[in-house]
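Asks: I'm passing along input-v1.cif; it holds mmCIF, C-alpha atoms.
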```
data_my_file
#
loop_
_atom_site.group_PDB
_atom_site.id
_atom_site.type_symbol
_atom_site.label_atom_id
_atom_site.label_comp_id
_atom_site.auth_asym_id
_atom_site.auth_seq_id
_atom_site.Cartn_x
_atom_site.Cartn_y
_atom_site.Cartn_z
ATOM 1 C CA MET O 20 7.175 -32.067 -23.443
ATOM 2 C CA SER O 21 3.647 -31.085 -24.217
ATOM 3 C CA SER O 22 2.633 -29.663 -27.577
ATOM 4 C CA VAL O 23 2.231 -26.217 -26.028
ATOM 5 C CA GLU O 24 5.862 -26.249 -24.867
ATOM 6 C CA ILE O 25 7.095 -27.340 -28.299
ATOM 7 C CA PHE O 26 5.283 -24.352 -29.761
ATOM 8 C CA ILE O 27 6.301 -21.832 -27.111
ATOM 9 C CA ILE O 28 10.066 -22.528 -26.875
ATOM 10 C CA PRO O 29 10.948 -21.465 -30.460
ATOM 11 C CA ILE O 30 8.653 -18.433 -30.115
ATOM 12 C CA GLY O 31 10.398 -17.503 -26.863
ATOM 13 C CA LEU O 32 13.797 -17.780 -28.550
ATOM 14 C CA PHE O 33 12.469 -15.527 -31.325
ATOM 15 C CA MET O 34 11.405 -13.007 -28.673
ATOM 16 C CA ILE O 35 14.874 -13.032 -27.078
ATOM 17 C CA ALA O 36 16.456 -12.528 -30.503
ATOM 18 C CA GLY O 37 14.137 -9.579 -31.151
ATOM 19 C CA ALA O 38 15.018 -8.034 -27.791
ATOM 20 C CA ILE O 39 18.771 -8.379 -28.459
ATOM 21 C CA ILE O 40 18.348 -6.794 -31.905
ATOM 22 C CA ALA O 41 16.390 -3.958 -30.291
ATOM 23 C CA ILE O 42 19.301 -3.252 -27.927
ATOM 24 C CA TYR O 43 22.252 -3.630 -30.315
ATOM 25 C CA GLN O 44 20.696 -2.227 -33.485
ATOM 26 C CA LYS O 45 22.329 1.123 -34.362
ATOM 27 C CA ASN O 46 19.406 2.205 -36.579
ATOM 28 C CA LEU O 47 16.899 3.539 -34.030
ATOM 29 C CA VAL O 48 13.790 3.053 -36.186
ATOM 30 C CA ALA O 49 14.728 -0.605 -36.700
ATOM 31 C CA ALA O 50 15.310 -0.977 -32.942
ATOM 32 C CA ILE O 51 11.852 0.469 -32.180
ATOM 33 C CA VAL O 52 10.174 -1.844 -34.694
ATOM 34 C CA SER O 53 12.109 -4.788 -33.266
ATOM 35 C CA SER O 54 10.878 -4.058 -29.732
ATOM 36 C CA GLY O 55 7.351 -3.894 -31.163
ATOM 37 C CA VAL O 56 7.879 -7.328 -32.707
ATOM 38 C CA VAL O 57 8.814 -8.684 -29.253
ATOM 39 C CA SER O 58 5.400 -7.544 -27.938
ATOM 40 C CA LEU O 59 3.587 -8.962 -30.962
ATOM 41 C CA VAL O 60 5.207 -12.381 -30.455
ATOM 42 C CA ALA O 61 4.395 -12.198 -26.727
ATOM 43 C CA SER O 62 0.737 -11.712 -27.641
ATOM 44 C CA VAL O 63 0.909 -14.875 -29.786
ATOM 45 C CA ILE O 64 2.176 -16.737 -26.703
ATOM 46 C CA TYR O 65 -0.759 -15.394 -24.668
ATOM 47 C CA ILE O 66 -3.176 -16.711 -27.288
ATOM 48 C CA VAL O 67 -1.506 -20.149 -27.132
ATOM 49 C CA LEU O 68 -1.855 -20.058 -23.334
ATOM 50 C CA ALA O 69 -5.618 -19.370 -23.745
ATOM 51 C CA ALA O 70 -5.566 -15.759 -22.496
ATOM 52 C CA PRO O 71 -7.146 -13.794 -25.376
ATOM 53 C CA ASP O 72 -7.924 -10.747 -23.206
ATOM 54 C CA VAL O 73 -4.271 -10.291 -22.268
ATOM 55 C CA ALA O 74 -3.216 -11.019 -25.849
ATOM 56 C CA MET O 75 -5.434 -8.223 -27.182
ATOM 57 C CA THR O 76 -4.036 -5.762 -24.660
ATOM 58 C CA GLU O 77 -0.453 -6.753 -25.418
ATOM 59 C CA ALA O 78 -0.942 -6.563 -29.197
ATOM 60 C CA ALA O 79 -2.742 -3.217 -29.085
ATOM 61 C CA ILE O 80 -0.690 -1.416 -26.428
ATOM 62 C CA GLY O 81 2.672 -3.176 -26.566
ATOM 63 C CA SER O 82 3.175 -3.548 -30.283
ATOM 64 C CA ALA O 83 0.986 -0.826 -31.811
ATOM 65 C CA LEU O 84 0.655 2.154 -29.499
ATOM 66 C CA THR O 85 4.073 1.968 -27.797
ATOM 67 C CA THR O 86 5.778 1.739 -31.188
ATOM 68 C CA VAL O 87 3.850 4.768 -32.463
ATOM 69 C CA VAL O 88 4.678 6.775 -29.312
ATOM 70 C CA PHE O 89 8.381 5.853 -29.620
ATOM 71 C CA LEU O 90 8.405 6.871 -33.294
ATOM 72 C CA TYR O 91 6.759 10.222 -32.483
ATOM 73 C CA ALA O 92 9.291 10.784 -29.686
ATOM 74 C CA LEU O 93 12.155 9.933 -32.046
ATOM 75 C CA SER O 94 10.916 12.361 -34.691
ATOM 76 C CA ARG O 95 10.579 15.094 -32.038
ATOM 77 C CA ILE O 96 14.128 14.486 -30.788
ATOM 78 C CA ARG O 97 15.492 14.546 -34.338
ATOM 79 C CA ARG O 98 13.656 17.776 -35.124
ATOM 80 C CA GLN O 99 14.926 19.519 -31.975
ATOM 81 C CA GLY O 100 18.470 18.211 -32.474
ATOM 82 C CA GLY O 101 18.350 19.456 -36.061
ATOM 83 C CA SER O 102 17.243 22.946 -35.033
ATOM 84 C CA GLU O 103 20.123 23.167 -32.512
ATOM 85 C CA ASN O 104 22.660 22.271 -35.180
ATOM 86 C CA ASP O 105 21.410 24.924 -37.587
ATOM 87 C CA MET J 16 35.542 -3.922 -17.571
ATOM 88 C CA ILE J 17 34.544 -4.031 -13.887
ATOM 89 C CA LYS J 18 31.287 -2.318 -14.787
ATOM 90 C CA ARG J 19 30.491 -5.022 -17.328
ATOM 91 C CA LEU J 20 31.407 -7.735 -14.815
ATOM 92 C CA LEU J 21 29.079 -6.184 -12.238
ATOM 93 C CA ILE J 22 26.268 -6.104 -14.771
ATOM 94 C CA LEU J 23 26.814 -9.795 -15.564
ATOM 95 C CA VAL J 24 26.832 -10.668 -11.836
ATOM 96 C CA ALA J 25 23.588 -8.735 -11.359
ATOM 97 C CA ILE J 26 21.970 -10.563 -14.281
ATOM 98 C CA ALA J 27 23.144 -13.931 -12.928
ATOM 99 C CA LEU J 28 21.772 -13.143 -9.459
ATOM 100 C CA PHE J 29 18.460 -12.083 -10.959
ATOM 101 C CA GLY J 30 18.333 -15.323 -12.943
ATOM 102 C CA LEU J 31 19.076 -17.281 -9.745
ATOM 103 C CA MET J 32 16.219 -15.459 -8.028
ATOM 104 C CA ILE J 33 13.595 -16.419 -10.609
ATOM 105 C CA LEU J 34 14.986 -19.916 -11.291
ATOM 106 C CA PRO J 35 12.773 -21.536 -8.577
ATOM 107 C CA LEU J 36 9.738 -20.170 -10.403
ATOM 108 C CA VAL J 37 10.616 -22.394 -13.344
ATOM 109 C CA THR J 38 12.009 -25.483 -11.612
ATOM 110 C CA GLN J 39 9.541 -25.746 -8.752
ATOM 111 C CA LEU J 40 6.502 -24.954 -10.847
ATOM 112 C CA THR J 41 3.706 -27.426 -10.337
ATOM 113 C CA PRO J 42 0.668 -26.732 -12.500
ATOM 114 C CA PHE J 43 -2.574 -26.280 -10.599
ATOM 115 C CA THR J 44 -4.928 -29.178 -11.128
ATOM 116 C CA GLN J 45 -7.892 -27.521 -9.427
ATOM 117 C CA LEU J 46 -9.072 -23.987 -8.751
ATOM 118 C CA THR J 47 -8.402 -22.228 -5.472
ATOM 119 C CA PRO J 48 -11.542 -21.533 -3.379
ATOM 120 C CA LEU J 49 -11.589 -17.856 -4.390
ATOM 121 C CA ALA J 50 -11.211 -18.735 -8.080
ATOM 122 C CA THR J 51 -14.012 -21.288 -7.772
ATOM 123 C CA ARG J 52 -16.203 -18.583 -6.270
ATOM 124 C CA TYR J 53 -15.452 -16.236 -9.182
ATOM 125 C CA VAL J 54 -15.948 -18.903 -11.867
ATOM 126 C CA GLU J 55 -19.300 -19.969 -10.455
ATOM 127 C CA GLY J 56 -20.510 -16.463 -9.600
ATOM 128 C CA GLY J 57 -19.386 -14.748 -12.815
ATOM 129 C CA SER J 58 -22.226 -16.105 -14.894
ATOM 130 C CA SER J 59 -24.866 -16.825 -12.251
ATOM 131 C CA GLU J 60 -24.507 -13.691 -10.054
ATOM 132 C CA LEU J 61 -23.384 -11.135 -12.629
ATOM 133 C CA GLY J 62 -24.638 -12.608 -15.901
ATOM 134 C CA ALA J 63 -21.304 -12.076 -17.677
ATOM 135 C CA ALA J 64 -20.335 -14.727 -20.216
ATOM 136 C CA ASN J 65 -16.711 -13.501 -20.209
ATOM 137 C CA LEU J 66 -15.335 -14.349 -16.768
ATOM 138 C CA VAL J 67 -12.338 -12.037 -17.162
ATOM 139 C CA THR J 68 -14.686 -9.076 -17.515
ATOM 140 C CA ALA J 69 -16.726 -10.170 -14.498
ATOM 141 C CA VAL J 70 -13.549 -10.180 -12.408
ATOM 142 C CA VAL J 71 -12.122 -6.963 -13.852
ATOM 143 C CA VAL J 72 -15.274 -4.839 -13.698
ATOM 144 C CA THR J 73 -17.085 -6.147 -10.630
ATOM 145 C CA TYR J 74 -15.107 -8.438 -8.311
ATOM 146 C CA ARG J 75 -11.931 -6.368 -8.704
ATOM 147 C CA GLY J 76 -13.712 -3.203 -9.814
ATOM 148 C CA LEU J 77 -11.828 -0.971 -7.394
ATOM 149 C CA ASP J 78 -8.508 -2.079 -8.940
ATOM 150 C CA THR J 79 -9.845 -1.157 -12.380
ATOM 151 C CA LEU J 80 -10.838 2.270 -11.095
ATOM 152 C CA GLY J 81 -7.271 2.590 -9.799
ATOM 153 C CA GLU J 82 -5.853 1.592 -13.193
ATOM 154 C CA VAL J 83 -8.020 4.185 -14.925
ATOM 155 C CA THR J 84 -6.793 6.764 -12.400
ATOM 156 C CA VAL J 85 -3.150 5.845 -13.073
ATOM 157 C CA LEU J 86 -3.717 6.229 -16.810
ATOM 158 C CA PHE J 87 -5.383 9.590 -16.186
ATOM 159 C CA ALA J 88 -2.409 10.768 -14.108
ATOM 160 C CA ALA J 89 0.017 9.624 -16.818
ATOM 161 C CA THR J 90 -1.968 11.460 -19.505
ATOM 162 C CA ALA J 91 -2.109 14.599 -17.393
ATOM 163 C CA GLY J 92 1.660 14.449 -16.842
ATOM 164 C CA VAL J 93 2.429 13.944 -20.536
ATOM 165 C CA GLY J 94 0.040 16.729 -21.515
ATOM 166 C CA PHE J 95 1.545 19.099 -18.949
ATOM 167 C CA LEU J 96 5.171 18.461 -19.936
ATOM 168 C CA LEU J 97 4.617 18.534 -23.694
ATOM 169 C CA ARG J 98 2.226 21.499 -23.706
ATOM 170 C CA ARG J 99 4.725 23.765 -21.996
ATOM 171 C CA ARG J 100 7.451 22.839 -24.442
ATOM 172 C CA ALA J 101 5.059 23.249 -27.387
ATOM 173 C CA GLY J 102 4.222 26.744 -26.139
ATOM 174 C CA LYS J 103 7.910 27.649 -26.069
ATOM 175 C CA GLU J 104 8.406 26.223 -29.549
ATOM 176 C CA GLU J 105 5.503 28.248 -30.879
ATOM 177 C CA GLU J 106 7.013 31.370 -29.363
ATOM 178 C CA ALA J 107 10.330 30.563 -30.986
ATOM 179 C CA ALA J 108 8.567 29.904 -34.288
ATOM 180 C CA ALA J 109 6.743 33.227 -33.986
ATOM 181 C CA HIS J 110 10.079 34.987 -33.433
ATOM 182 C CA ALA J 111 11.570 33.211 -36.416
ATOM 183 C CA ASN J 112 8.506 34.146 -38.448
ATOM 184 C CA SER J 113 8.819 37.827 -37.699
ATOM 185 C CA ALA J 114 12.559 37.740 -38.352
ATOM 186 C CA ASN J 115 12.560 35.693 -41.523
ATOM 187 C CA ASP J 116 9.082 35.406 -42.986
ATOM 188 C CA GLU J 117 9.604 33.593 -46.253
ATOM 189 C CA THR J 118 11.688 30.591 -45.141
ATOM 190 C CA ALA J 119 9.571 29.963 -42.027
ATOM 191 C CA ALA J 120 6.368 29.957 -44.053
ATOM 192 C CA GLY J 121 7.884 27.400 -46.420
ATOM 193 C CA SER J 122 8.956 25.020 -43.633
ATOM 194 C CA SER J 123 5.728 25.195 -41.591
ATOM 195 C CA MET J 124 3.588 23.755 -44.413
ATOM 196 C CA PRO J 125 2.665 20.103 -43.749
ATOM 197 C CA SER J 126 4.479 17.764 -46.047
ATOM 198 C CA PRO J 127 2.050 16.204 -48.553
ATOM 199 C CA PHE J 128 1.411 12.467 -48.320
ATOM 200 C CA SER J 129 0.388 10.133 -51.091
ATOM 201 C CA GLU J 130 -3.225 10.308 -52.239
ATOM 202 C CA ILE J 131 -3.704 6.575 -51.598
ATOM 203 C CA LEU J 132 -2.518 6.773 -47.983
ATOM 204 C CA SER J 133 -4.635 9.753 -46.978
ATOM 205 C CA THR J 134 -7.777 8.518 -48.772
ATOM 206 C CA GLY J 135 -7.357 4.966 -47.498
ATOM 207 C CA SER J 136 -6.950 6.152 -43.909
ATOM 208 C CA VAL J 137 -10.173 8.178 -44.157
ATOM 209 C CA VAL J 138 -12.038 5.113 -45.487
ATOM 210 C CA LEU J 139 -10.573 2.788 -42.840
ATOM 211 C CA PHE J 140 -10.982 5.167 -39.889
ATOM 212 C CA PRO J 141 -14.747 4.656 -39.284
ATOM 213 C CA LEU J 142 -14.305 0.888 -39.539
ATOM 214 C CA VAL J 143 -11.518 0.926 -36.928
ATOM 215 C CA LEU J 144 -13.661 3.157 -34.706
ATOM 216 C CA MET J 145 -16.602 0.773 -35.064
ATOM 217 C CA PHE J 146 -14.403 -2.234 -34.252
ATOM 218 C CA GLY J 147 -13.129 -0.527 -31.103
ATOM 219 C CA ALA J 148 -16.693 0.270 -30.023
ATOM 220 C CA TYR J 149 -17.693 -3.336 -30.759
ATOM 221 C CA ILE J 150 -14.881 -4.618 -28.528
ATOM 222 C CA PHE J 151 -15.892 -2.587 -25.503
ATOM 223 C CA VAL J 152 -19.664 -2.918 -25.930
ATOM 224 C CA HIS J 153 -19.272 -6.718 -26.126
ATOM 225 C CA GLY J 154 -16.739 -6.797 -23.283
ATOM 226 C CA HIS J 155 -18.972 -9.027 -21.144
ATOM 227 C CA LEU J 156 -19.479 -11.548 -23.974
ATOM 228 C CA THR J 157 -16.226 -11.809 -25.963
ATOM 229 C CA PRO J 158 -12.547 -11.336 -25.065
ATOM 230 C CA GLY J 159 -11.532 -7.735 -24.696
ATOM 231 C CA GLY J 160 -13.169 -4.774 -23.055
ATOM 232 C CA GLY J 161 -12.782 -1.126 -22.254
ATOM 233 C CA PHE J 162 -8.992 -0.937 -22.322
ATOM 234 C CA GLN J 163 -8.584 -2.968 -25.500
ATOM 235 C CA GLY J 164 -11.400 -1.181 -27.331
ATOM 236 C CA GLY J 165 -10.076 2.207 -26.221
ATOM 237 C CA VAL J 166 -6.612 1.392 -27.535
ATOM 238 C CA VAL J 167 -8.075 0.247 -30.867
ATOM 239 C CA ILE J 168 -9.894 3.586 -31.151
ATOM 240 C CA ALA J 169 -6.699 5.470 -30.283
ATOM 241 C CA SER J 170 -4.789 3.498 -32.926
ATOM 242 C CA GLY J 171 -7.436 4.547 -35.467
ATOM 243 C CA PHE J 172 -6.776 8.170 -34.550
ATOM 244 C CA ALA J 173 -3.022 7.503 -34.760
ATOM 245 C CA MET J 174 -3.482 6.246 -38.325
ATOM 246 C CA LEU J 175 -5.548 9.299 -39.239
ATOM 247 C CA LEU J 176 -2.968 11.665 -37.748
ATOM 248 C CA ALA J 177 -0.048 9.870 -39.371
ATOM 249 C CA ALA J 178 -1.605 9.915 -42.836
ATOM 250 C CA ASN J 179 -2.863 13.528 -42.758
ATOM 251 C CA ALA J 180 -0.156 15.794 -41.387
ATOM 252 C CA GLY J 181 -2.266 18.949 -41.421
ATOM 253 C CA ARG J 182 -5.298 17.497 -39.643
ATOM 254 C CA LYS J 183 -6.126 18.964 -36.239
ATOM 255 C CA LEU J 184 -8.095 17.226 -33.504
ATOM 256 C CA ASN J 185 -10.536 19.099 -31.312
ATOM 257 C CA HIS J 186 -8.960 19.051 -27.852
ATOM 258 C CA GLY J 187 -12.123 20.371 -26.231
ATOM 259 C CA VAL J 188 -14.230 17.421 -27.402
ATOM 260 C CA LEU J 189 -11.567 14.942 -26.236
ATOM 261 C CA LEU J 190 -11.397 16.595 -22.814
ATOM 262 C CA VAL J 191 -15.193 16.635 -22.426
ATOM 263 C CA VAL J 192 -15.540 12.966 -23.443
ATOM 264 C CA GLU J 193 -12.720 11.957 -21.090
ATOM 265 C CA SER J 194 -13.951 13.879 -18.045
ATOM 266 C CA LEU J 195 -17.612 12.930 -18.503
ATOM 267 C CA SER J 196 -16.870 9.224 -18.925
ATOM 268 C CA GLY J 197 -14.619 9.256 -15.852
ATOM 269 C CA ALA J 198 -17.266 11.037 -13.800
ATOM 270 C CA PHE J 199 -20.023 8.671 -14.980
ATOM 271 C CA TYR J 200 -17.820 5.667 -14.124
ATOM 272 C CA VAL J 201 -17.591 6.845 -10.510
ATOM 273 C CA ALA J 202 -21.319 7.689 -10.582
ATOM 274 C CA MET J 203 -22.066 4.091 -11.671
ATOM 275 C CA GLY J 204 -19.990 2.863 -8.733
ATOM 276 C CA LEU J 205 -21.924 5.096 -6.356
ATOM 277 C CA LEU J 206 -25.234 3.864 -7.803
ATOM 278 C CA GLY J 207 -24.075 0.350 -6.950
ATOM 279 C CA LEU J 208 -23.382 1.536 -3.416
ATOM 280 C CA VAL J 209 -26.893 2.970 -3.081
ATOM 281 C CA LEU J 210 -28.988 0.436 -5.006
ATOM 282 C CA ALA J 211 -27.009 -2.813 -4.582
ATOM 283 C CA ALA J 212 -24.473 -4.451 -2.292
ATOM 284 C CA GLY J 213 -21.577 -2.007 -2.515
ATOM 285 C CA PHE J 214 -19.340 0.348 -4.477
ATOM 286 C CA LEU J 215 -19.038 -0.766 -8.140
ATOM 287 C CA ASP J 216 -21.596 -3.543 -7.663
ATOM 288 C CA THR J 217 -23.068 -3.934 -11.156
ATOM 289 C CA THR J 218 -26.199 -5.880 -10.259
ATOM 290 C CA PHE J 219 -28.444 -2.833 -9.719
ATOM 291 C CA LEU J 220 -29.575 -3.153 -13.354
ATOM 292 C CA PRO J 221 -31.448 -6.299 -14.520
ATOM 293 C CA LEU J 222 -29.095 -9.142 -15.435
ATOM 294 C CA GLY J 223 -31.063 -10.231 -18.505
ATOM 295 C CA THR J 224 -30.309 -13.485 -20.281
ATOM 296 C CA LEU J 225 -26.736 -14.732 -20.434
ATOM 297 C CA GLY J 226 -25.097 -13.995 -23.786
ATOM 298 C CA GLN J 227 -27.251 -11.032 -24.854
ATOM 299 C CA VAL J 228 -25.713 -7.610 -25.511
ATOM 300 C CA PHE J 229 -28.072 -5.931 -23.041
ATOM 301 C CA SER J 230 -27.370 -8.138 -20.063
ATOM 302 C CA ALA J 231 -24.958 -8.465 -17.127
ATOM 303 C CA GLY J 232 -26.312 -5.419 -15.276
ATOM 304 C CA ALA J 233 -24.134 -2.329 -15.522
ATOM 305 C CA ILE J 234 -21.025 -4.113 -16.862
ATOM 306 C CA PRO J 235 -21.494 -3.026 -20.532
ATOM 307 C CA ILE J 236 -22.174 0.565 -19.433
ATOM 308 C CA ILE J 237 -19.081 0.709 -17.206
ATOM 309 C CA TYR J 238 -16.878 -0.897 -19.846
ATOM 310 C CA SER J 239 -18.157 1.493 -22.531
ATOM 311 C CA LEU J 240 -17.299 4.423 -20.254
ATOM 312 C CA VAL J 241 -13.835 2.963 -19.623
ATOM 313 C CA GLY J 242 -13.394 2.476 -23.382
ATOM 314 C CA LEU J 243 -14.339 6.085 -24.164
ATOM 315 C CA LYS J 244 -12.050 7.343 -21.399
ATOM 316 C CA VAL J 245 -9.046 5.263 -22.448
ATOM 317 C CA GLY J 246 -9.580 6.070 -26.128
ATOM 318 C CA SER J 247 -9.785 9.822 -25.598
ATOM 319 C CA GLU J 248 -6.840 9.843 -23.167
ATOM 320 C CA LEU J 249 -4.514 7.942 -25.492
ATOM 321 C CA THR J 250 -5.616 10.037 -28.474
ATOM 322 C CA ASN J 251 -4.799 13.111 -26.410
ATOM 323 C CA ILE J 252 -1.286 11.760 -25.694
ATOM 324 C CA LEU J 253 -0.717 11.044 -29.396
ATOM 325 C CA GLU J 254 -2.009 14.454 -30.405
ATOM 326 C CA SER J 255 0.210 16.299 -27.925
ATOM 327 C CA LEU J 256 3.234 14.184 -28.912
ATOM 328 C CA ARG J 257 2.712 14.930 -32.593
ATOM 329 C CA LYS J 258 3.091 18.698 -32.393
#
```
Spell out the structure here as structure tokens.
Replies:
Amino acid sequence: MSSVEIFIIPIGLFMIAGAIIAIYQKNLVAAIVSSGVVSLVASVIYIVLAAPDVAMTEAAIGSALTTVVFLYALSRIRRQGGSEND
Amino acid sequence: MIKRLLILVAIALFGLMILPLVTQLTPFTQLTPLATRYVEGGSSELGAANLVTAVVVTYRGLDTLGEVTVLFAATAGVGFLLRRRAGKEEEAAAHANSANDETAAGSSMPSPFSEILSTGSVVLFPLVLMFGAYIFVHGHLTPGGGFQGGVVIASGFAMLLAANAGRKLNHGVLLVVESLSGAFYVAMGLLGLVLAAGFLDTTFLPLGTLGQVFSAGAIPIIYSLVGLKVGSELTNILESLRK
């Protein structure tokens, strides 16, 4: 096993754990943040594999912007659900 | 129970499908002829120190134009769907206002945020904007480019919007920046068609010396336009989602 593999395998396991938490977590905000963490860790893997361009895209779009869009969508859904209950 | 079993079978079959990718993977020890052509031409033909940018903007420039178009279509769809709903909500709010003035006025006020958060976001915002511009202006020299820089700019706007609930963005300016940069991107491609070898050929401007900011022909100009377009489009999505 090369040194890159030794580094990547635990990170990959961490990614899988984050994805499972994102699916099974009942708290939706925590699930959204967890899916953002998966993207952030993926961008670390891209840096290790010497692809900084892809890593920047993944970190900016996958972990930052997607998380923000999901949070906005969640707050919209909560607001509309709340107004129906009133 | 059967449903869960079917899901497991589907996952197992999918795993079986991509297993050869892992087991039969033999790392390349030398570049394919096309890759060799790109690696050698990227710096000598196009003057771009960052090979990824040379491929993305020039060799595969048409694909990048397609990506920008897809992003434009997505933004247009999001804006269309959310705008209509926002219009209905405003109507409903207007009805509620006329029916019950006092409570509606109380709930429509933006909730105040902490002084530190709103002040800090205003201080940080120009720095984030400058960093995004740096990323796409130096796209031909350092990792990153139009898409990455545009997303950094949009994340700066996201921070500003999140920290100041009452702040409004000027939709007109965003639309003008987005349309003009898209139009100029296509115009740059057409200039390549007229003055150089073909559509989106960036060598119609002088290549300059490798590693300078003003070098690599039209690559910095095209990537700056892409950065402005992506930044304004994503900011538009965030703004229309926020309402």
Asks: Counting only C-alpha atoms, what is within 7 Å of region 63-74 of chain O, bar same-chain residues fewer than 5 positions away, as a PyMOL selection string?
Replies: (chain O and resi 27) or (chain J and resi 158-159)
Asks: What is the distance between CA of Ser53 (chain O) and CA of Leu96 (chain J), in Å to one decimal?
Replies: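 Between CA of Ser53 (chain O) and CA of Leu96 (chain J) the gap works out to 27.7 Å.
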Asks: Starting from the displayed file, determine the output of the PyMOL selection byres ((chain O) within 10 of (chain J)) and express the residue list as a ChimeraX atom specification.
Replies: /O:70-80,83-84,87-92,94-95,99
Asks: So how far away is CA of Thr85 (chain O) from CA of Ser136 (chain J), in Å?
Replies: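 Separating CA of Ser136 (chain J) from CA of Thr85 (chain O) is a distance of 20.0 Å.
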Asks: If you measure from CA of Val143 (chain J) to CA of Leu175 (chain J), what distance in Å do you get, rounded to one decimal?
Replies: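 Taking CA of Val143 (chain J) as the start and CA of Leu175 (chain J) as the end point, the length is 10.5 Å.
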Asks: Between J:Gln39, J:Leu28, J:Tyr74, J:Gly204, which is the closest to Leu61 (chain J) once you count only C-alpha atoms?
Replies: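 Looking at the shortest contact to Leu61 (chain J), the residue is J:Tyr74.
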Asks: Run the PyMOL selection byres ((chain J and resi 60) around 12) on the file and write out the hits as a list in words.
Replies: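 This file gives the following for the PyMOL selection byres ((chain J and resi 60) around 12): Arg52, Tyr53, Val54, Glu55, Gly56, Gly57, Ser58, Ser59, Leu61, Gly62, Ala63, Ala64, Leu66, Ala69, Val70, Thr73, Tyr74, Asp216, Thr217, Thr218, Phe219, Pro221, Leu222, Gly223, Thr224, Leu225, Ser230, Ala231 and Gly232 of chain J.
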Asks: Run through the PyMOL selection byres ((chain J and resi 179-189) around 6) on the given coordinates and return the selected residues as a list in words.
Replies: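 When the PyMOL selection byres ((chain J and resi 179-189) around 6) is applied, the selected residues are Pro125, Ser133, Leu176, Ala177, Ala178, Leu190, Val191, Val192 and Ser247 of chain J.
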Asks: Would you save the residues of that selection, restricted to C-alpha atoms, as a PDB file, keeping the file's coordinate frame?
Replies:
```pdb
ATOM      1  CA  PRO J 125       2.665  20.103 -43.749  1.00  0.00           C
ATOM      2  CA  SER J 133      -4.635   9.753 -46.978  1.00  0.00           C
ATOM      3  CA  LEU J 176      -2.968  11.665 -37.748  1.00  0.00           C
ATOM      4  CA  ALA J 177      -0.048   9.870 -39.371  1.00  0.00           C
ATOM      5  CA  ALA J 178      -1.605   9.915 -42.836  1.00  0.00           C
ATOM      6  CA  LEU J 190     -11.397  16.595 -22.814  1.00  0.00           C
ATOM      7  CA  VAL J 191     -15.193  16.635 -22.426  1.00  0.00           C
ATOM      8  CA  VAL J 192     -15.540  12.966 -23.443  1.00  0.00           C
ATOM      9  CA  SER J 247      -9.785   9.822 -25.598  1.00  0.00           C
TER      10      SER J 247
END
```
Asks: Do you know which residues are at most 9 Å from Leu215 (chain J) counting all atoms listed in the file, after dropping those on the same chain fewer than 6 positions away, and could you put them as a VMD selection string?
Replies: chain J and resid 72 to 74 76 to 77 200 to 201 203 to 208
Asks: Would you give the centre and edge lengths, in Å to one decimal, of a box along x, y and z around the listed atoms of region 85-95 of chain J, with 5 Å added to each side, as AutoDock Vina command-line options?
Replies:
```
--center_x -1.5 --center_y 12.5 --center_z -17.3 --size_x 17.8 --size_y 23.3 --size_z 18.4
```
Asks: So, with all atoms listed in the file as the atoms that count, which of J:Leu144, J:Thr90, J:Asn251, J:Val71 lies closest to Ile234 (chain J)?
Replies: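 Closest to Ile234 (chain J) of all the choices is J:Val71.
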Asks: Step by step: locate region 22-38 of chain O in the block above, keep C-alpha atoms, then write the file as an mmCIF file, in the first residue's frame.
Replies:
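And here's selection_24.cif as it stands now:
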```cif
data_model
loop_
_atom_site.group_PDB
_atom_site.id
_atom_site.type_symbol
_atom_site.label_atom_id
_atom_site.label_comp_id
_atom_site.auth_asym_id
_atom_site.auth_seq_id
_atom_site.Cartn_x
_atom_site.Cartn_y
_atom_site.Cartn_z
ATOM 1 C CA SER O 22 1.272 6.307 1.449
ATOM 2 C CA VAL O 23 -1.553 7.916 -0.517
ATOM 3 C CA GLU O 24 -3.753 4.849 0.017
ATOM 4 C CA ILE O 25 -2.999 4.786 3.747
ATOM 5 C CA PHE O 26 -4.168 8.384 3.917
ATOM 6 C CA ILE O 27 -7.218 8.001 1.689
ATOM 7 C CA ILE O 28 -8.803 4.846 3.188
ATOM 8 C CA PRO O 29 -9.574 6.326 6.648
ATOM 9 C CA ILE O 30 -10.805 9.537 4.988
ATOM 10 C CA GLY O 31 -13.069 7.480 2.725
ATOM 11 C CA LEU O 32 -14.475 5.625 5.734
ATOM 12 C CA PHE O 33 -15.105 9.009 7.375
ATOM 13 C CA MET O 34 -16.988 10.096 4.245
ATOM 14 C CA ILE O 35 -19.174 6.967 4.322
ATOM 15 C CA ALA O 36 -19.910 7.566 8.007
ATOM 16 C CA GLY O 37 -20.897 11.161 7.235
ATOM 17 C CA ALA O 38 -23.194 10.022 4.429
#
```
